[in-house]
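Student: Below is the structure I would like to discuss, written out as structure tokens.
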Amino acid sequence: MLIPTRPMSRRRLLRSAGGAALALPFLEAMGPSLGHRVLGNDHAADSERTPKRFVAICASLGFHGDHLFPESTGRDYAITPYLEKVQRHRDDFSLFSGLSHPEQNGNNGHASELTWLTAARRPGLAGFRNTISLDQLIAQEIGLKTRFPFLALTTGGQSLSWTSSGVEIPAQHSPAKLFTAMFVDGKPHEVEADLDRLRRGRSVLDTIGSRAQSLKRELGIRDQQKLDEYLHSIRDLESRLQQSEGWVRRPKPVVDEEPVSDINDKALAIERQKLMYRIIALALQTDSTRTVTFQLAGLNSVPQIPGVQSDWHGLSHHGKDPEKIAELKRIEAAEWGAFGEFLDQLKSIEESNQSPLDHTAVMFGSNLGNASAHDWRNLPILLAGGGYRHGEYVAHDAANNTPLCNLYVDLAQRMGLEIDAFGSSTATGIKGLESTT
């Protein structure tokens with residue numbers, strides 16, 4: 001075997017592909033731009049009538065624990081100000097405390113947002129490299145069953161979704177563009193343009209794959225293994241693109257909704273959340289996707305909420321100032337109210353004598369347990385729906401945090417993945433998590 005006499009750079013690999021390049025934005029072909037499945041139509045004959053789904057929602061500035069966590073555990077806990085906003089769904093969710101990912105000690109606690117769905121260690125520090133996010137692991141298994149393998153969404157901040165190579169997948173922040181992609185059929189020339197784009201993408205992948213194979217004889221064993229992983233990812237992309245070509249020609253779902261307009265005023269933060277929640281509910285109702293991530297971005301300015309006069313990020317660092325906490329409570333209560341309305345929407349839809357919430361595991365929480373101190377421990381995690389037995393507040397040991405990834409393993413298995421570990425997991429499932437099936 002020949003050992004290279006000089007480093008093999010990524011640039012050299014791409015040059016060897018005859019000028020073809022596998023650009024990262026091409027990953028968007030797996031996300032919000034390709035298509036949907038409609039329950040009950042001819043194209044969905046192979047789809048379950050009540051498919052399992054997964055939605056992960058992260059509030060990047062956290063929640064004030066005193067207004068969220070009850071004083072007592074179990075089913076008879078006293079309601080708190082934030083839980084009051086979802087009280088009508090009490091039997092449809094479970095609340096957990098004492099969960100976290102280990103070694104999230106980056107330059108600041110906000111870096112833990114990068115790893116909320118990955119559990120990669122030491123985010124924000126030199127040499128950090130992220131790993132695949134839970135939603136993408138799920139999408140690899142079930143993504144081809146729907147027009148959109150996944151949706152990565154945000155109100156205007158960072159994505160929660162990361163590839164197997166640790167690359168951030170751009171998140172869609174425009175509900176209007178998302179609505180159009182899901183429900184507005186393109187004109188014939190637009191459909192052909194989409195098909196041409198997909199075919200060009202497949203040609204690029206074919207070129208890179210064949211040229212990369214010829215480089216293997218120049219590489220050592222470890223580099224050959226890495227190259228094999230790279231080629232495997234190319235083959236996976238090819239299969240997704242082939243599936244996408246089929247979706248382009250299929251009619252999109254018809255919904256009893258007018259196209260939406262984006263809310264461009266960032267100060268209307270809660271209204272922006274509600275609009276995206278509305279689109280997510282439509283996506284699930286039409287079985288356009290079964291995997292969604294949604295990042296709720298905070299503001300370094302004043303949100304337009306009655307009684308709030310200070311910038312949101314500053315309030316999250318309240319330092320136990322009662323006046324700041326009072327303002328912060330108004331913002332976070334409004335977030336919980338918007339989330340409660342999202343659960344209302346899922347519950348109101350009939351799906352085989354049940355509702356989408358019965359088959360959708362909705363995880364709502366934050367990467368910060370105490371935003372004021374940038375503390376990534378003791379994360380607030382609410383899990384709604386999904387076929388689990390709910391109605392309890394379960395407090396894990398806050399001093400020795402239970403790995404949040406123990407929950408992730410169970411969620412992945414529920415979606416059909418045959419895994420027994422993920423990230424920092426030490427077990428399958430957590431105390432207080434029990435399936436009803």
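Residues in the structure tokens are named by chain (A, B, ... in the order shown) and by number from 1 within that chain; ligands are numbered from 1 in the order shown.
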Range 353-369 of chain A: which residues within 8 Å, counting only C-alpha atoms, same-chain residues fewer than 5 positions away excluded, as number ranges by chain?

Tutor: A: 50-63, 65, 109-110, 112-113, 116, 284-285, 343, 346-348, 374-387, 411

Student: Do a neighbour search on range 413-421 of chain A at 9 Å with only C-alpha atoms, toss out local chain neighbours closer than 3 positions, and write the hits as a list in words.

Tutor: Lys52, Arg53, Phe54, Leu137, Ile138, Glu141, Ile142, Gly386, Cys405, Asn406, Tyr408, Val409, Asp410, Ser424, Ser425, Thr426, Ala427 and Thr428 of chain A

Student: List every residue of range 225-391 of chain A that DSSP, applied to the backbone, labels as strand (DSSP E or B), and write the result as a list in words.

Tutor: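 Assigned to strand (DSSP E or B), within range 225-391 of chain A: Thr291, Val292, Thr293, Phe294, Gln295, Leu296, Glu351, Gln354, Thr360, Ala361, Val362, Met363, Phe364, Gly365, Asn370, Asp375, Leu379, Pro380, Ile381, Leu382, Leu383, Ala384 and Tyr388 of chain A.
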
Student: Need to verify the contact set: range 389-400 of chain A, 12 Å, only C-alpha atoms, exclusion of same-chain residues closer than 6 positions in sequence. Can you return it as a ChimeraX atom specification?

Tutor: /A:68-80,83,86-102,358,361,369,376-383,430-437

Student: Taking only C-alpha atoms into account, name the residue in A:Leu215, A:Val184, A:Ile305, A:Val292 that is nearest to Pro251 in chain A.

Tutor: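 Once distances to Pro251 in chain A are computed over only C-alpha atoms, the minimum belongs to A:Val184.
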
Student: With a distance cut-off of 7 Å and only C-alpha atoms, select the neighbouring residues of Leu153 in chain A, excluding the residue or stretch itself and same-chain residues fewer than 3 positions from it, and output the selection as a list of chain:residue names.

Tutor: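 The contact residues come out as A:Ser159, A:Ala171, A:Gln172, A:His173, A:Thr293, A:Phe294, A:Gln295.
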
Student: Store the residues picked out above, limited to all heavy atoms, as a CSV table (one decimal), in the first residue's frame.

Tutor:
```csv
chain,number,residue,atom,x,y,z
A,159,SER,N,-29.7,26.6,13.9
A,159,SER,CA,-30.3,25.3,13.7
A,159,SER,C,-30.0,24.4,14.9
A,159,SER,O,-28.9,24.5,15.5
A,159,SER,CB,-29.8,24.7,12.4
A,159,SER,OG,-30.4,23.4,12.2
A,171,ALA,N,-31.3,26.2,9.0
A,171,ALA,CA,-32.7,26.1,9.4
A,171,ALA,C,-33.5,27.1,8.7
A,171,ALA,O,-33.1,28.3,8.4
A,171,ALA,CB,-32.8,26.4,10.9
A,172,GLN,N,-34.7,26.8,8.3
A,172,GLN,CA,-35.7,27.6,7.6
A,172,GLN,C,-36.3,28.6,8.7
A,172,GLN,O,-36.8,28.1,9.7
A,172,GLN,CB,-36.7,26.8,6.9
A,172,GLN,CG,-37.8,27.6,6.2
A,172,GLN,CD,-37.3,28.6,5.1
A,172,GLN,OE1,-37.0,29.7,5.4
A,172,GLN,NE2,-37.1,28.0,3.9
A,173,HIS,N,-36.3,29.9,8.4
A,173,HIS,CA,-36.9,30.8,9.4
A,173,HIS,C,-38.2,31.5,8.8
A,173,HIS,O,-38.8,32.3,9.4
A,173,HIS,CB,-35.9,31.9,9.8
A,173,HIS,CG,-35.5,32.8,8.7
A,173,HIS,ND1,-34.5,32.5,7.9
A,173,HIS,CD2,-36.0,34.0,8.3
A,173,HIS,CE1,-34.3,33.5,7.0
A,173,HIS,NE2,-35.3,34.4,7.2
A,293,THR,N,-37.4,19.9,13.9
A,293,THR,CA,-36.7,20.6,15.0
A,293,THR,C,-37.1,22.1,14.9
A,293,THR,O,-37.2,22.6,13.8
A,293,THR,CB,-35.2,20.5,14.9
A,293,THR,OG1,-34.7,21.0,13.7
A,293,THR,CG2,-34.8,19.0,15.1
A,294,PHE,N,-37.2,22.8,16.0
A,294,PHE,CA,-37.7,24.1,16.0
A,294,PHE,C,-36.9,24.9,17.1
A,294,PHE,O,-37.1,24.6,18.3
A,294,PHE,CB,-39.2,24.2,16.2
A,294,PHE,CG,-39.8,25.6,16.1
A,294,PHE,CD1,-39.2,26.6,15.4
A,294,PHE,CD2,-41.0,25.9,16.8
A,294,PHE,CE1,-39.7,27.9,15.3
A,294,PHE,CE2,-41.5,27.1,16.7
A,294,PHE,CZ,-40.9,28.1,16.0
A,295,GLN,N,-36.1,25.8,16.7
A,295,GLN,CA,-35.3,26.6,17.7
A,295,GLN,C,-36.0,27.9,17.9
A,295,GLN,O,-36.4,28.7,17.0
A,295,GLN,CB,-33.9,26.9,17.2
A,295,GLN,CG,-33.0,27.5,18.2
A,295,GLN,CD,-32.8,29.0,17.8
A,295,GLN,OE1,-33.5,29.6,17.1
A,295,GLN,NE2,-31.7,29.6,18.4
```

Student: Between CA of Ser316 in chain A and CA of Pro123 in chain A, what distance in Å does the model show, to one decimal?

Tutor: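 The value is 20.7 Å.
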
Student: To test your reading of the structure, identify every residue in range 108-139 of chain A that backbone DSSP assigns to helix (DSSP H, G or I), and report it as a list in words.

Tutor: Gly109, His110, Ala111, Ser112, Glu113, Leu114, Thr115, Leu134, Asp135, Gln136, Leu137, Ile138 and Ala139 of chain A

Student: If we count only C-alpha atoms and set the cut-off at 8 Å, which residues sit around His313 in chain A, ignoring sequence neighbours fewer than 5 positions away in its own chain? Please answer as a list in words.

Tutor: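 After dropping sequence-adjacent residues, the list is Leu61, Gly298, Leu299, Asn300 and Ser301 of chain A.
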
Student: When you draw a straight line from CA of Ala281 in chain A to CA of Glu258 in chain A, how long is it in Å?

Tutor: 14.6 Å

Student: Which residues are close to Phe342 in chain A, i.e. within 9 Å by only C-alpha atoms, leaving aside same-chain residues fewer than 6 positions away? Reply as an mmCIF file with N, CA, C and O atoms, in the first residue's frame.

Tutor:
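Generated file (selection39.cif):
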```cif
data_model
loop_
_atom_site.group_PDB
_atom_site.id
_atom_site.type_symbol
_atom_site.label_atom_id
_atom_site.label_comp_id
_atom_site.auth_asym_id
_atom_site.auth_seq_id
_atom_site.Cartn_x
_atom_site.Cartn_y
_atom_site.Cartn_z
ATOM 1 N N LYS A 274 -45.829 31.495 17.078
ATOM 2 C CA LYS A 274 -47.158 30.935 16.818
ATOM 3 C C LYS A 274 -47.355 30.635 15.346
ATOM 4 O O LYS A 274 -47.961 29.603 14.983
ATOM 5 N N TYR A 277 -45.459 27.467 14.527
ATOM 6 C CA TYR A 277 -46.194 26.331 15.108
ATOM 7 C C TYR A 277 -47.366 25.923 14.211
ATOM 8 O O TYR A 277 -47.641 24.732 14.028
ATOM 9 N N ARG A 278 -48.037 26.912 13.660
ATOM 10 C CA ARG A 278 -49.182 26.636 12.792
ATOM 11 C C ARG A 278 -48.746 25.842 11.558
ATOM 12 O O ARG A 278 -49.418 24.890 11.143
ATOM 13 N N ILE A 280 -46.022 23.956 11.350
ATOM 14 C CA ILE A 280 -45.597 22.626 11.798
ATOM 15 C C ILE A 280 -46.799 21.704 11.937
ATOM 16 O O ILE A 280 -46.765 20.538 11.525
ATOM 17 N N ALA A 281 -47.871 22.222 12.529
ATOM 18 C CA ALA A 281 -49.076 21.406 12.691
ATOM 19 C C ALA A 281 -49.615 20.950 11.332
ATOM 20 O O ALA A 281 -50.034 19.796 11.172
#
```

Student: Considering only C-alpha atoms, return as a list in words whatever protein or nucleic-acid residues lie within 8 Å of Ser164 in chain A, sequence-local ones (same chain, fewer than 5 positions apart) excluded.

Tutor: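 Listing them by chain and then by number gives Thr131, Ile132, Ser133 and Gln136 of chain A.
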
Student: Go ahead and write the residues just picked, C-alpha atoms, as a PDB file, in the first residue's frame.

Tutor:
```pdb
ATOM      1  CA  THR A 131     -21.795  14.966  16.057  1.00  0.00           C
ATOM      2  CA  ILE A 132     -25.047  13.889  14.451  1.00  0.00           C
ATOM      3  CA  SER A 133     -28.227  15.237  16.022  1.00  0.00           C
ATOM      4  CA  GLN A 136     -30.937  13.450  11.694  1.00  0.00           C
TER       5      GLN A 136
END
```
